[in-house]
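Data file: upload_12.pdb. Format and content: PDB, C-alpha atoms.
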```pdb
ATOM      1  CA  MET T  14     111.164 139.500 119.052
ATOM      2  CA  THR T  15     114.917 138.924 118.915
ATOM      3  CA  ALA T  16     116.732 136.085 120.656
ATOM      4  CA  ALA T  17     118.474 138.597 122.918
ATOM      5  CA  ARG T  18     115.077 139.738 124.183
ATOM      6  CA  LEU T  19     113.368 136.341 124.163
ATOM      7  CA  THR T  20     115.884 134.439 126.287
ATOM      8  CA  PRO T  21     115.403 136.594 129.412
ATOM      9  CA  ARG T  22     111.635 136.515 128.829
ATOM     10  CA  ALA T  23     111.633 132.711 128.624
ATOM     11  CA  ARG T  24     113.678 132.537 131.840
ATOM     12  CA  ALA T  25     111.269 134.866 133.601
ATOM     13  CA  LEU T  26     108.277 132.829 132.417
ATOM     14  CA  ARG T  27     109.852 129.668 133.860
ATOM     15  CA  GLN T  28     110.029 131.379 137.239
ATOM     16  CA  THR T  29     106.510 132.801 137.186
ATOM     17  CA  GLY T  30     104.479 130.075 135.481
ATOM     18  CA  GLY T  31     101.041 129.346 136.868
ATOM     19  CA  LEU T  32     100.075 126.363 138.983
ATOM     20  CA  ALA T  33      98.938 124.292 135.987
ATOM     21  CA  GLU T  34     102.271 124.779 134.209
ATOM     22  CA  GLN T  35     104.263 124.033 137.365
ATOM     23  CA  ARG T  36     102.390 120.805 138.062
ATOM     24  CA  LEU T  37     102.581 119.709 134.445
ATOM     25  CA  TRP T  38     106.321 120.399 134.385
ATOM     26  CA  ALA T  39     106.813 118.354 137.573
ATOM     27  CA  ARG T  40     104.952 115.505 135.880
ATOM     28  CA  LEU T  41     106.630 115.626 132.461
ATOM     29  CA  ARG T  42     110.193 116.755 133.138
ATOM     30  CA  GLY T  43     112.921 114.342 132.217
ATOM     31  CA  GLY T  44     110.611 112.222 130.067
ATOM     32  CA  ALA T  45     109.375 110.283 133.076
ATOM     33  CA  VAL T  46     105.784 109.859 131.904
ATOM     34  CA  VAL T  47     105.839 109.488 128.141
ATOM     35  CA  GLY T  48     109.510 108.840 127.389
ATOM     36  CA  TRP T  49     110.063 112.118 125.536
ATOM     37  CA  LYS T  50     112.022 114.983 127.045
ATOM     38  CA  LEU T  51     110.315 118.335 126.987
ATOM     39  CA  ARG T  52     111.589 121.846 127.473
ATOM     40  CA  ARG T  53     109.693 124.478 129.387
ATOM     41  CA  GLN T  54     109.258 127.989 127.944
ATOM     42  CA  HIS T  55     111.180 127.062 124.808
ATOM     43  CA  ARG T  56     111.975 129.620 122.113
ATOM     44  CA  ILE T  57     110.729 128.836 118.616
ATOM     45  CA  ASP T  58     112.091 131.610 116.439
ATOM     46  CA  GLY T  59     110.368 134.770 117.682
ATOM     47  CA  TYR T  60     107.949 132.981 120.011
ATOM     48  CA  VAL T  61     108.033 131.157 123.342
ATOM     49  CA  ALA T  62     106.072 127.905 123.693
ATOM     50  CA  ASP T  63     104.974 126.804 127.165
ATOM     51  CA  PHE T  64     106.418 123.336 126.506
ATOM     52  CA  ALA T  65     108.224 121.859 123.523
ATOM     53  CA  CYS T  66     109.361 118.402 122.501
ATOM     54  CA  ILE T  67     112.114 119.177 120.028
ATOM     55  CA  PRO T  68     112.497 115.759 118.335
ATOM     56  CA  LEU T  69     108.728 115.652 117.705
ATOM     57  CA  ARG T  70     108.524 119.359 116.818
ATOM     58  CA  LEU T  71     105.553 119.520 119.179
ATOM     59  CA  ALA T  72     104.640 122.712 121.047
ATOM     60  CA  ILE T  73     102.228 122.431 123.969
ATOM     61  CA  GLU T  74     100.372 125.536 125.103
ATOM     62  CA  ILE T  75      98.570 125.764 128.442
ATOM     63  CA  ASP T  76      95.924 128.481 128.330
ATOM     64  CA  GLY T  77      94.451 130.229 131.343
ATOM     65  CA  GLY T  78      91.226 132.202 131.414
ATOM     66  CA  VAL T  79      92.813 135.285 129.849
ATOM     67  CA  HIS T  80      93.098 133.354 126.575
ATOM     68  CA  GLN T  81      89.310 133.564 126.211
ATOM     69  CA  ARG T  82      89.515 137.322 125.665
ATOM     70  CA  ASP T  83      89.082 138.176 121.983
ATOM     71  CA  ASP T  84      92.345 140.118 121.700
ATOM     72  CA  VAL T  85      94.378 137.378 123.371
ATOM     73  CA  ALA T  86      92.645 134.614 121.388
ATOM     74  CA  LEU T  87      93.426 136.451 118.147
ATOM     75  CA  ARG T  88      97.081 136.784 119.154
ATOM     76  CA  ASP T  89      97.116 133.055 120.005
ATOM     77  CA  VAL T  90      95.842 132.200 116.512
ATOM     78  CA  TYR T  91      98.550 134.345 114.939
ATOM     79  CA  ARG T  92     101.294 132.824 117.129
ATOM     80  CA  GLN T  93     100.074 129.287 116.483
ATOM     81  CA  ARG T  94     100.044 129.775 112.713
ATOM     82  CA  ALA T  95     103.526 131.275 112.802
ATOM     83  CA  ILE T  96     104.859 128.330 114.827
ATOM     84  CA  GLU T  97     103.101 125.826 112.547
ATOM     85  CA  ASP T  98     104.564 127.598 109.505
ATOM     86  CA  ARG T  99     107.959 126.700 110.957
ATOM     87  CA  GLY T 100     107.099 122.994 110.843
ATOM     88  CA  TRP T 101     105.833 122.519 114.387
ATOM     89  CA  THR T 102     102.554 121.022 115.586
ATOM     90  CA  VAL T 103     100.824 123.057 118.293
ATOM     91  CA  VAL T 104      98.354 121.544 120.754
ATOM     92  CA  ARG T 105      96.456 123.656 123.255
ATOM     93  CA  PHE T 106      95.017 122.697 126.623
ATOM     94  CA  THR T 107      93.268 124.711 129.302
ATOM     95  CA  ASN T 108      94.693 125.141 132.784
ATOM     96  CA  ASP T 109      91.852 122.941 134.015
ATOM     97  CA  GLN T 110      92.798 120.121 131.623
ATOM     98  CA  ALA T 111      96.451 120.372 132.641
ATOM     99  CA  LEU T 112      95.512 120.151 136.315
ATOM    100  CA  HIS T 113      92.741 117.546 136.200
ATOM    101  CA  GLU T 114      93.236 115.606 132.948
ATOM    102  CA  PRO T 115      96.998 115.442 132.383
ATOM    103  CA  TRP T 116      96.570 112.141 130.557
ATOM    104  CA  ARG T 117      95.218 114.168 127.608
ATOM    105  CA  ILE T 118      98.597 115.841 127.276
ATOM    106  CA  ASP T 119     100.391 112.492 127.541
ATOM    107  CA  ALA T 120      98.138 111.195 124.751
ATOM    108  CA  ALA T 121      98.903 114.197 122.525
ATOM    109  CA  ILE T 122     102.635 113.561 122.871
ATOM    110  CA  ARG T 123     102.235 109.863 122.100
ATOM    111  CA  GLU T 124      99.955 110.646 119.140
ATOM    112  CA  GLN T 125     102.513 113.025 117.647
ATOM    113  CA  ALA T 126     105.280 110.448 118.093
ATOM    114  CA  LYS T 127     103.148 107.808 116.388
ATOM    115  CA  ALA T 128     102.275 110.171 113.520
ATOM    116  CA  LEU T 129     105.992 110.683 112.922
ATOM    117  CA  GLY T 130     106.685 106.942 112.966
ATOM    118  CA  PHE T 131     108.370 106.707 116.379
TER     119      PHE T 131
END
```

Turn this file's structure into structure tokens for me.
Amino acid sequence: MTAARLTPRARALRQTGGLAEQRLWARLRGGAVVGWKLRRQHRIDGYVADFACIPLRLAIEIDGGVHQRDDVALRDVYRQRAIEDRGWTVVRFTNDQALHEPWRIDAAIREQAKALGF
């Protein structure tokens, strides 16, 4: 998808994100929890990641129940590989983890920072 088409899509996704994404964004925005600023619905070439930490090249995906469908799961695998081929690390969490175990996401961000020597 082209940038001209992705930008409005990313904006729309920011407005319509699910409860898990909204709560996670309220927790992580501005780097308050882990010290790293994240962007919400960030474009990575032809894809949009739910959250991205640009300096760490870390994409965080929050998956709802629809991601368990075979067709959606297959598309997720394709998207993840494409993003990883561009030098990013992708970590995935369920809506339930984002809502009830947000510390797992904090740990993933810290782990990526440590792996990169920060």

Closest contacts (range 32-76 of chain T/range 104-120 of chain T, max 7 Å, all atoms listed in the file) as JSON lines:
```
{"residue": "T:Ala33", "atom": "CA", "partner": "T:Leu112", "partner_atom": "CA", "distance": 5.4}
{"residue": "T:Leu37", "atom": "CA", "partner": "T:Ala111", "partner_atom": "CA", "distance": 6.4}
{"residue": "T:Val47", "atom": "CA", "partner": "T:Asp119", "partner_atom": "CA", "distance": 6.3}
{"residue": "T:Ala72", "atom": "CA", "partner": "T:Val104", "partner_atom": "CA", "distance": 6.4}
{"residue": "T:Ile73", "atom": "CA", "partner": "T:Val104", "partner_atom": "CA", "distance": 5.1}
{"residue": "T:Glu74", "atom": "CA", "partner": "T:Arg105", "partner_atom": "CA", "distance": 4.7}
{"residue": "T:Ile75", "atom": "CA", "partner": "T:Phe106", "partner_atom": "CA", "distance": 5.0}
{"residue": "T:Asp76", "atom": "CA", "partner": "T:Thr107", "partner_atom": "CA", "distance": 4.7}
```

Selection above as a file: C-alpha atoms, as a PDB file, in the frame of the given file:
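What landed in out_21.pdb:
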```
ATOM      1  CA  ALA T  33      98.938 124.292 135.987  1.00  0.00           C
ATOM      2  CA  LEU T  37     102.581 119.709 134.445  1.00  0.00           C
ATOM      3  CA  VAL T  47     105.839 109.488 128.141  1.00  0.00           C
ATOM      4  CA  ALA T  72     104.640 122.712 121.047  1.00  0.00           C
ATOM      5  CA  ILE T  73     102.228 122.431 123.969  1.00  0.00           C
ATOM      6  CA  GLU T  74     100.372 125.536 125.103  1.00  0.00           C
ATOM      7  CA  ILE T  75      98.570 125.764 128.442  1.00  0.00           C
ATOM      8  CA  ASP T  76      95.924 128.481 128.330  1.00  0.00           C
TER       9      ASP T  76
END
```

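For the file shown, the residue list from the PyMOL selection byres ((chain T and resi 131) around 12) reads Gly48, Trp49, Pro68, Leu69, Ile122, Arg123, Glu124, Gln125, Ala126, Lys127, Ala128, Leu129 and Gly130 of chain T.
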
Next on the checklist: Given all atoms listed in the file as the basis, pick out the residue of T:Ala39, T:Asp89, T:Thr102, T:Asp84 nearest to Tyr60 in chain T.
Outcome noted: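 Of all the options, T:Asp89 lies closest to Tyr60 in chain T.
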
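For the atom pair formed by CA of Asp58 in chain T and CA of Arg40 in chain T, the distance is 26.2 Å, given to one decimal.
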
Calculate, to one decimal in Å, the centre and edge lengths of the box along x, y and z of the file that holds all listed atoms of range 84-103 of chain T with 5 Å of margin on each side, and present them as JSON.
```
{"center_x": 100.2, "center_y": 130.6, "center_z": 116.4, "size_x": 25.6, "size_y": 29.1, "size_z": 23.9}
```

Item to check | Point-to-point distance from CA of Ile57 in chain T to CA of Gln93 in chain T, Å rounded to tenths | outcome: 10.9 Å

Checklist entry - Any idea what the distance is between CA of Gln35 in chain T and CA of Arg56 in chain T? => result 18.0 Å

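Residue nearest Asp63 in chain T within the list T:Ala121, T:Leu87, T:Glu34, T:Gly43: T:Glu34 [criterion: smallest interatomic distance, only C-alpha atoms].
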